[in-house]
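Enquirer: This is query-v8.cif (mmCIF, C-alpha atoms and all ligand atoms).
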```cif
data_start
loop_
_atom_site.group_PDB
_atom_site.id
_atom_site.type_symbol
_atom_site.label_atom_id
_atom_site.label_comp_id
_atom_site.auth_asym_id
_atom_site.auth_seq_id
_atom_site.Cartn_x
_atom_site.Cartn_y
_atom_site.Cartn_z
ATOM 1 C CA MET A 1 97.803 50.064 202.802
ATOM 2 C CA ASN A 2 94.999 50.971 205.200
ATOM 3 C CA PRO A 3 96.475 53.058 208.079
ATOM 4 C CA PHE A 4 93.342 52.653 210.244
ATOM 5 C CA PRO A 5 92.469 48.942 210.248
ATOM 6 C CA GLY A 6 89.386 48.130 212.288
ATOM 7 C CA LYS A 7 88.588 51.813 212.903
ATOM 8 C CA THR A 8 85.468 53.742 212.045
ATOM 9 C CA ILE A 9 85.993 56.786 209.855
ATOM 10 C CA THR A 10 83.473 59.610 210.002
ATOM 11 C CA PHE A 11 82.886 61.484 206.795
ATOM 12 C CA ILE A 12 80.633 64.206 205.479
ATOM 13 C CA PRO A 13 79.002 62.925 202.294
ATOM 14 C CA ALA A 14 79.051 65.224 199.291
ATOM 15 C CA THR A 15 75.758 67.022 198.788
ATOM 16 C CA SER A 16 74.064 66.738 195.440
ATOM 17 C CA ASN A 17 73.762 70.503 195.022
ATOM 18 C CA ASN A 18 77.130 72.271 195.275
ATOM 19 C CA GLY A 19 77.312 72.035 199.042
ATOM 20 C CA ILE A 20 73.742 73.190 199.693
ATOM 21 C CA MET A 21 71.723 70.497 201.433
ATOM 22 C CA ARG A 22 68.488 69.750 199.607
ATOM 23 C CA THR A 23 65.643 68.420 201.733
ATOM 24 C CA VAL A 24 62.274 66.933 200.895
ATOM 25 C CA ILE A 25 59.466 66.573 203.436
ATOM 26 C CA ILE A 26 57.086 63.713 202.655
ATOM 27 C CA TYR A 27 54.004 63.660 204.831
ATOM 28 C CA HIS A 28 50.529 62.266 205.324
ATOM 29 C CA SER A 29 47.843 64.360 206.976
ATOM 30 C CA ASP A 30 44.089 63.869 207.190
ATOM 31 C CA SER A 31 42.987 66.650 209.524
ATOM 32 C CA GLY A 32 45.815 69.132 208.931
ATOM 33 C CA HIS A 33 48.053 68.808 212.004
ATOM 34 C CA THR A 34 50.941 67.035 210.310
ATOM 35 C CA GLN A 35 50.493 69.308 207.316
ATOM 36 C CA ALA A 36 50.840 72.421 209.506
ATOM 37 C CA VAL A 37 54.094 71.100 210.969
ATOM 38 C CA ALA A 38 55.410 70.043 207.551
ATOM 39 C CA GLU A 39 54.643 73.468 206.066
ATOM 40 C CA TYR A 40 56.375 75.256 208.951
ATOM 41 C CA LEU A 41 59.444 73.045 208.541
ATOM 42 C CA ALA A 42 59.473 73.708 204.786
ATOM 43 C CA ARG A 43 59.340 77.479 205.342
ATOM 44 C CA GLN A 44 62.213 77.309 207.819
ATOM 45 C CA THR A 45 64.458 74.949 205.849
ATOM 46 C CA GLY A 46 63.590 75.657 202.208
ATOM 47 C CA ALA A 47 62.573 72.010 201.790
ATOM 48 C CA ASP A 48 60.246 70.754 199.080
ATOM 49 C CA LEU A 49 56.933 69.258 200.213
ATOM 50 C CA ILE A 50 55.227 66.103 199.025
ATOM 51 C CA ARG A 51 51.836 65.233 200.476
ATOM 52 C CA VAL A 52 50.821 61.616 200.098
ATOM 53 C CA THR A 53 47.252 60.368 200.059
ATOM 54 C CA SER A 54 45.858 56.880 200.339
ATOM 55 C CA THR A 55 43.800 55.235 197.642
ATOM 56 C CA PHE A 56 42.492 52.756 200.220
ATOM 57 C CA PRO A 57 38.719 53.338 200.444
ATOM 58 C CA TYR A 58 38.483 54.476 204.077
ATOM 59 C CA THR A 59 35.339 55.819 205.634
ATOM 60 C CA THR A 60 35.497 57.604 208.982
ATOM 61 C CA VAL A 61 34.552 54.354 210.679
ATOM 62 C CA SER A 62 36.802 52.040 208.677
ATOM 63 C CA ARG A 63 39.777 54.348 209.257
ATOM 64 C CA ALA A 64 39.313 53.831 212.988
ATOM 65 C CA VAL A 65 38.973 50.061 212.615
ATOM 66 C CA THR A 66 40.718 48.813 209.451
ATOM 67 C CA GLY A 67 43.141 51.751 209.378
ATOM 68 C CA VAL A 68 44.220 51.150 212.947
ATOM 69 C CA ARG A 69 44.610 47.439 212.282
ATOM 70 C CA ARG A 70 46.777 48.173 209.227
ATOM 71 C CA ALA A 71 48.836 50.693 211.228
ATOM 72 C CA ILE A 72 49.514 48.210 214.018
ATOM 73 C CA SER A 73 50.524 45.452 211.594
ATOM 74 C CA GLY A 74 52.681 47.840 209.524
ATOM 75 C CA THR A 75 50.690 47.116 206.375
ATOM 76 C CA PRO A 76 51.338 49.852 203.812
ATOM 77 C CA ASP A 77 48.401 51.552 202.088
ATOM 78 C CA PRO A 78 48.328 51.953 198.331
ATOM 79 C CA ILE A 79 49.053 55.611 197.602
ATOM 80 C CA GLU A 80 48.587 57.914 194.633
ATOM 81 C CA HIS A 81 52.319 58.154 193.852
ATOM 82 C CA ARG A 82 53.661 55.160 191.932
ATOM 83 C CA GLU A 83 57.123 56.009 193.217
ATOM 84 C CA ILE A 84 58.871 58.869 195.011
ATOM 85 C CA ASP A 85 62.360 59.383 193.654
ATOM 86 C CA VAL A 86 64.611 61.215 196.150
ATOM 87 C CA ALA A 87 67.768 61.087 193.996
ATOM 88 C CA GLY A 88 67.952 64.901 193.926
ATOM 89 C CA TYR A 89 67.883 65.281 197.722
ATOM 90 C CA ASP A 90 70.372 64.879 200.554
ATOM 91 C CA CYS A 91 67.849 64.626 203.385
ATOM 92 C CA VAL A 92 64.431 62.953 203.453
ATOM 93 C CA VAL A 93 61.987 63.995 206.206
ATOM 94 C CA ALA A 94 58.894 61.846 206.801
ATOM 95 C CA GLY A 95 55.901 63.093 208.813
ATOM 96 C CA SER A 96 52.913 61.056 209.943
ATOM 97 C CA PRO A 97 49.954 61.234 212.300
ATOM 98 C CA VAL A 98 50.020 58.611 215.062
ATOM 99 C CA TRP A 99 47.433 55.900 214.596
ATOM 100 C CA ALA A 100 47.156 53.648 217.648
ATOM 101 C CA GLY A 101 50.764 54.285 218.646
ATOM 102 C CA HIS A 102 52.059 53.617 215.114
ATOM 103 C CA PRO A 103 52.836 55.552 211.945
ATOM 104 C CA SER A 104 49.881 55.606 209.566
ATOM 105 C CA PRO A 105 49.609 52.992 206.797
ATOM 106 C CA VAL A 106 49.640 55.913 204.373
ATOM 107 C CA ILE A 107 53.148 57.072 205.327
ATOM 108 C CA ASN A 108 54.231 53.411 205.327
ATOM 109 C CA GLY A 109 52.994 53.216 201.731
ATOM 110 C CA ALA A 110 55.041 56.318 200.903
ATOM 111 C CA ILE A 111 58.218 54.985 202.521
ATOM 112 C CA ASP A 112 57.863 51.771 200.528
ATOM 113 C CA ARG A 113 57.614 53.811 197.304
ATOM 114 C CA LEU A 114 60.847 55.763 197.958
ATOM 115 C CA ARG A 115 63.559 55.274 195.355
ATOM 116 C CA ASN A 116 67.297 56.066 195.549
ATOM 117 C CA CYS A 117 67.455 56.472 199.342
ATOM 118 C CA GLN A 118 70.725 54.665 199.845
ATOM 119 C CA GLY A 119 73.199 56.627 201.976
ATOM 120 C CA LYS A 120 71.006 59.729 202.380
ATOM 121 C CA ALA A 121 70.072 61.314 205.690
ATOM 122 C CA GLY A 122 66.596 60.962 207.165
ATOM 123 C CA VAL A 123 64.489 62.675 209.851
ATOM 124 C CA ALA A 124 61.143 61.389 211.200
ATOM 125 C CA PHE A 125 58.365 63.220 213.005
ATOM 126 C CA VAL A 126 54.897 62.222 214.150
ATOM 127 C CA THR A 127 51.953 64.245 215.426
ATOM 128 C CA CYS A 128 49.485 62.959 217.997
ATOM 129 C CA CYS A 129 46.905 64.046 220.548
ATOM 130 C CA LEU A 130 48.473 62.622 223.668
ATOM 131 C CA VAL A 131 50.224 59.283 223.362
ATOM 132 C CA SER A 132 52.618 58.492 220.534
ATOM 133 C CA GLY A 133 53.651 55.004 221.668
ATOM 134 C CA GLY A 134 56.689 53.976 219.650
ATOM 135 C CA ALA A 135 55.493 55.647 216.439
ATOM 136 C CA ALA A 136 58.546 57.864 215.858
ATOM 137 C CA ALA A 137 60.962 54.977 216.414
ATOM 138 C CA ILE A 138 58.911 52.624 214.245
ATOM 139 C CA LEU A 139 58.848 55.180 211.423
ATOM 140 C CA SER A 140 62.617 55.734 211.798
ATOM 141 C CA ARG A 141 63.262 52.004 211.514
ATOM 142 C CA ARG A 142 61.175 51.722 208.377
ATOM 143 C CA MET A 143 63.151 54.607 206.855
ATOM 144 C CA GLU A 144 66.418 52.896 207.778
ATOM 145 C CA ASP A 145 65.210 49.660 206.194
ATOM 146 C CA CYS A 146 65.058 51.459 202.858
ATOM 147 C CA GLY A 147 68.614 52.785 203.187
ATOM 148 C CA LEU A 148 68.218 56.165 204.913
ATOM 149 C CA GLN A 149 70.454 57.036 207.867
ATOM 150 C CA VAL A 150 68.066 58.645 210.344
ATOM 151 C CA LYS A 151 69.777 61.491 212.199
ATOM 152 C CA GLY A 152 66.882 62.274 214.542
ATOM 153 C CA SER A 153 63.159 62.054 215.228
ATOM 154 C CA MET A 154 60.562 63.983 217.216
ATOM 155 C CA VAL A 155 57.022 63.674 218.521
ATOM 156 C CA VAL A 156 54.754 66.730 218.204
ATOM 157 C CA HIS A 157 51.778 66.650 220.572
ATOM 158 C CA GLY A 158 48.568 68.551 219.862
ATOM 159 C CA SER A 159 49.496 71.592 221.931
ATOM 160 C CA GLN A 160 52.937 71.822 220.292
ATOM 161 C CA ILE A 161 51.770 72.188 216.691
ATOM 162 C CA THR A 162 52.034 75.986 216.922
ATOM 163 C CA ASP A 163 54.844 76.014 219.504
ATOM 164 C CA TYR A 164 57.538 77.325 217.180
ATOM 165 C CA THR A 165 60.241 77.201 219.838
ATOM 166 C CA TYR A 166 59.583 73.490 220.107
ATOM 167 C CA LEU A 167 59.305 72.975 216.339
ATOM 168 C CA ASN A 168 62.609 74.783 215.850
ATOM 169 C CA ARG A 169 64.295 71.805 217.516
ATOM 170 C CA LEU A 170 63.113 69.792 214.544
ATOM 171 C CA VAL A 171 64.457 72.477 212.207
ATOM 172 C CA THR A 172 67.824 72.143 213.952
ATOM 173 C CA ILE A 173 67.808 68.366 213.464
ATOM 174 C CA ILE A 174 66.994 68.755 209.756
ATOM 175 C CA ASN A 175 69.721 71.368 209.245
ATOM 176 C CA ARG A 176 72.298 69.502 211.314
ATOM 177 C CA PRO A 177 75.298 68.427 209.265
ATOM 178 C CA TRP A 178 75.165 64.735 208.844
ATOM 179 C CA TYR A 179 78.151 62.528 209.484
ATOM 180 C CA GLY A 180 78.085 59.041 208.057
ATOM 181 C CA ASP A 181 80.234 56.293 209.504
ATOM 182 C CA ILE A 182 82.107 53.728 207.464
ATOM 183 C CA ARG A 183 83.927 50.804 209.017
ATOM 184 C CA VAL A 184 87.359 50.195 207.582
ATOM 185 C CA SER A 185 88.391 46.564 207.589
HETATM 186 C C1 LIG B 201 42.710 56.241 213.338
HETATM 187 C C2 LIG B 201 43.349 57.198 214.311
HETATM 188 C C3 LIG B 201 44.102 56.721 215.370
HETATM 189 C C4 LIG B 201 44.725 57.620 216.273
HETATM 190 N N1 LIG B 201 45.482 57.122 217.289
HETATM 191 C C5 LIG B 201 46.094 57.995 218.155
HETATM 192 C C6 LIG B 201 46.944 57.518 219.211
HETATM 193 O O1 LIG B 201 47.201 56.321 219.362
HETATM 194 N N2 LIG B 201 47.491 58.431 220.063
HETATM 195 C C7 LIG B 201 47.257 59.784 219.935
HETATM 196 O O2 LIG B 201 47.761 60.541 220.758
HETATM 197 N N3 LIG B 201 46.478 60.259 218.909
HETATM 198 C C8 LIG B 201 45.917 59.407 218.028
HETATM 199 N N4 LIG B 201 45.146 59.881 216.979
HETATM 200 C C9 LIG B 201 45.069 61.331 216.783
HETATM 201 C C10 LIG B 201 46.049 61.796 215.692
HETATM 202 O O3 LIG B 201 47.310 61.139 215.814
HETATM 203 C C11 LIG B 201 46.355 63.292 215.794
HETATM 204 O O4 LIG B 201 45.167 64.027 215.837
HETATM 205 C C12 LIG B 201 47.199 63.717 214.634
HETATM 206 O O5 LIG B 201 47.840 64.940 214.947
HETATM 207 C C13 LIG B 201 46.374 63.899 213.367
HETATM 208 O O6 LIG B 201 47.219 64.311 212.321
HETATM 209 P P1 LIG B 201 46.624 64.894 210.969
HETATM 210 O O7 LIG B 201 45.741 66.059 211.324
HETATM 211 O O8 LIG B 201 47.819 65.335 210.216
HETATM 212 O O9 LIG B 201 45.872 63.796 210.281
HETATM 213 C C14 LIG B 201 44.533 59.020 216.088
HETATM 214 C C15 LIG B 201 43.753 59.488 215.020
HETATM 215 C C16 LIG B 201 43.185 58.584 214.134
HETATM 216 C C17 LIG B 201 42.374 59.124 212.962
#
```
Could I get this file's structure written as structure tokens?
Ligand SMILES: Cc1cc2nc3c(=O)[nH]c(=O)nc-3n(C[C@H](O)[C@H](O)[C@H](O)COP(=O)(O)O)c2cc1C
Expert:
Amino acid sequence: MNPFPGKTITFIPATSNNGIMRTVIIYHSDSGHTQAVAEYLARQTGADLIRVTSTFPYTTVSRAVTGVRRAISGTPDPIEHREIDVAGYDCVVAGSPVWAGHPSPVINGAIDRLRNCQGKAGVAFVTCCLVSGGAAAILSRRMEDCGLQVKGSMVVHGSQITDYTYLNRLVTIINRPWYGDIRVS
């Protein structure tokens, strides 16, 4: 018999690696800002890094026109990876530059290629010059749509890319124990 009908039970999911949380950071970066953040986070957390690149034939001009249009509509770019299997990880971090207040179509392409996300933790971050719009929340939602449970997100503005005190907040989110909730009926 269920002693807690209608209650929510919080549990700590088993990690896939003898209690040590394994993290992968998947990121897109054209001019190096998101890459710098991703590499710092990897050094601080021991995470693996996967850089994704678009096979969409952008030029500098078409990135600003077609790329922005694709970002706003949430259209994913084709990417070099056929799929990104995260079965061996407990936490998936996604990092993207902000394009017109949205995650880039390149990171959207990567999220759509994720496999075996169900029930794993997620963290999102975006880098931008000044205005991020809703990019971090939009990226988080896309990650949740593929089964990740996003435990936090952050925006990194241009001046914060080498602000390690600030970036350490993101490290804390990634390292934070993750508590899943299951509803008992
Ligand atoms: C097509 C395009 C659109 C952008 N839109 C925005 C924006 O809406 N807001 C903003 O603050 N920065 C915007 N930026 C600047 C980038 O988000 C910022 O420089 C980012 O850190 C670049 O990351 P990366 O070096 O990893 O590619 C845009 C850049 C590009 C190329």
Enquirer: Apply the PyMOL selection byres (((not hetatm)) within 9 of (chain B and resi 201)) to the structure shown and report the selected residues as an NGL selection string.
Expert: :A and (27-37 or 60-68 or 71 or 95-104 or 126-133 or 135 or 156-158 or 161)
Enquirer: The residues within 10 Å of (52.8, 72.7, 202.1), using all atoms listed in the file and the coordinates of the file, should be reported as a list of chain:residue names; which are they?
Expert: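 Output of the proximity query reads A:Ile25, A:Ile26, A:Tyr27, A:Gln35, A:Ala36, A:Val37, A:Ala38, A:Glu39, A:Tyr40, A:Leu41, A:Ala42, A:Arg43, A:Ala47, A:Asp48, A:Leu49, A:Ile50, A:Arg51.
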Enquirer: Can you work out the spacing between atom CA of Gly88 of chain A and atom CA of Lys120 of chain A in Å, to one decimal?
Expert: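 Distance reported for this atom pair: 10.4 Å.
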Enquirer: Taking (69.8, 64.6, 216.5) in the file's own coordinates, collect the residues within 7 Å, counting only C-alpha atoms, and hand them back as a short mmCIF file (atom, residue, chain, number, x, y, z; two decimals) with C-alpha atoms, in the frame of the given file.
Expert:
```
data_model
loop_
_atom_site.label_atom_id
_atom_site.label_comp_id
_atom_site.auth_asym_id
_atom_site.auth_seq_id
_atom_site.Cartn_x
_atom_site.Cartn_y
_atom_site.Cartn_z
CA LYS A 151 69.78 61.49 212.20
CA GLY A 152 66.88 62.27 214.54
CA ILE A 173 67.81 68.37 213.46
#
```
Enquirer: One decimal, Å: what's the distance from atom CA of Val92 of chain A over to atom CA of Asp77 of chain A, could you say?
Expert: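 It comes out at 19.7 Å.
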Enquirer: Any idea what's packed within 9 Å of Thr75 of chain A, counting all atoms listed in the file, ignoring anything in its chain fewer than 4 positions away? Could you give it as a list in words?
Expert: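 My list of contacting residues is Arg69, Arg70, Ala71, Pro105, Asn108 and Gly109 of chain A.
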Enquirer: Check the smallest atom-to-atom distance from each of A:Met21, A:Ile84, A:Ala124, A:Leu170 to Leu148 of chain A using only C-alpha atoms, then report the winner.
Expert: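 Smallest separation from Leu148 of chain A among the options: A:Ala124.
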Enquirer: Starting from the shown file, work through the PyMOL selection byres (((chain A and resi 81) around 10) and not hetatm) and note down what comes out as a ChimeraX atom specification.
Expert: /A:50-55,78-80,82-84,109-110,113-114
Enquirer: When you draw a straight line from atom CA of Ala137 of chain A to atom CA of Ser159 of chain A, how long is it in Å?
Expert: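 It comes out at 20.9 Å.
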Enquirer: Check the smallest atom-to-atom distance from each of A:Ala87, A:Val106, A:Ile20, A:Ala94 to Pro57 of chain A using all atoms listed in the file, then report the winner.
Expert: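 Using all atoms listed in the file, Pro57 of chain A sits closest to A:Val106.
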Enquirer: Quick one: residues within 10 Å of Gln118 of chain A, all atoms listed in the file counted, chain neighbours fewer than 4 positions away excluded, as a PDB file with C-alpha atoms, in the coordinates of the input?
Expert:
```
ATOM      1  CA  VAL A  86      64.611  61.215 196.150  1.00  0.00           C
ATOM      2  CA  ALA A  87      67.768  61.087 193.996  1.00  0.00           C
ATOM      3  CA  GLU A 144      66.418  52.896 207.778  1.00  0.00           C
ATOM      4  CA  ASP A 145      65.210  49.660 206.194  1.00  0.00           C
ATOM      5  CA  CYS A 146      65.058  51.459 202.858  1.00  0.00           C
ATOM      6  CA  GLY A 147      68.614  52.785 203.187  1.00  0.00           C
ATOM      7  CA  LEU A 148      68.218  56.165 204.913  1.00  0.00           C
ATOM      8  CA  GLN A 149      70.454  57.036 207.867  1.00  0.00           C
TER       9      GLN A 149
END
```
Enquirer: Taking the file above as input, evaluate the PyMOL selection byres (((chain A and resi 90) around 7) and not hetatm) and report the hits as number ranges by chain.
Expert: A: 15-16, 21-23, 89, 91-92, 120-121
Enquirer: Using only C-alpha atoms, which of A:Leu167, A:Thr162, A:Gly119, A:Gly74 sits nearest Leu139 of chain A?
Expert: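 Closest candidate: A:Gly74.
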Enquirer: Would you compute, for all listed atoms of segment 31-36 of chain A, the axis-aligned bounding box grown by 8 Å on each side, and then report its centre and edge lengths in Å rounded to one decimal, as lines of an AutoDock Vina configuration file?
Expert:
```
center_x = 47.0
center_y = 69.5
center_z = 209.7
size_x = 24.0
size_y = 21.8
size_z = 20.7
```
Enquirer: Go through A:Val24, A:Ile107, A:Ile174, A:Cys117 one by one, measure the shortest atom-to-atom distance of each to Ile138 of chain A using only C-alpha atoms, and give the residue with the smallest value.
Expert: A:Ile107
Enquirer: For Arg169 of chain A, please output as a compact mmCIF listing (two decimals) with C-alpha atoms, in the frame of the given file all residues within 12 Å (counting all atoms listed in the file; exclusion window: fewer than 5 positions along the same chain).
Expert:
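File selection30.txt, as written:
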```txt
# COMPACT_ATOMS: atom_id res chain seq x y z
CA LEU A 41 59.44 73.04 208.54
CA GLN A 44 62.21 77.31 207.82
CA VAL A 123 64.49 62.68 209.85
CA PHE A 125 58.36 63.22 213.00
CA GLY A 152 66.88 62.27 214.54
CA SER A 153 63.16 62.05 215.23
CA MET A 154 60.56 63.98 217.22
CA VAL A 155 57.02 63.67 218.52
CA VAL A 156 54.75 66.73 218.20
CA GLN A 160 52.94 71.82 220.29
CA ASP A 163 54.84 76.01 219.50
CA TYR A 164 57.54 77.32 217.18
CA ILE A 174 66.99 68.76 209.76
CA ASN A 175 69.72 71.37 209.24
CA ARG A 176 72.30 69.50 211.31
```
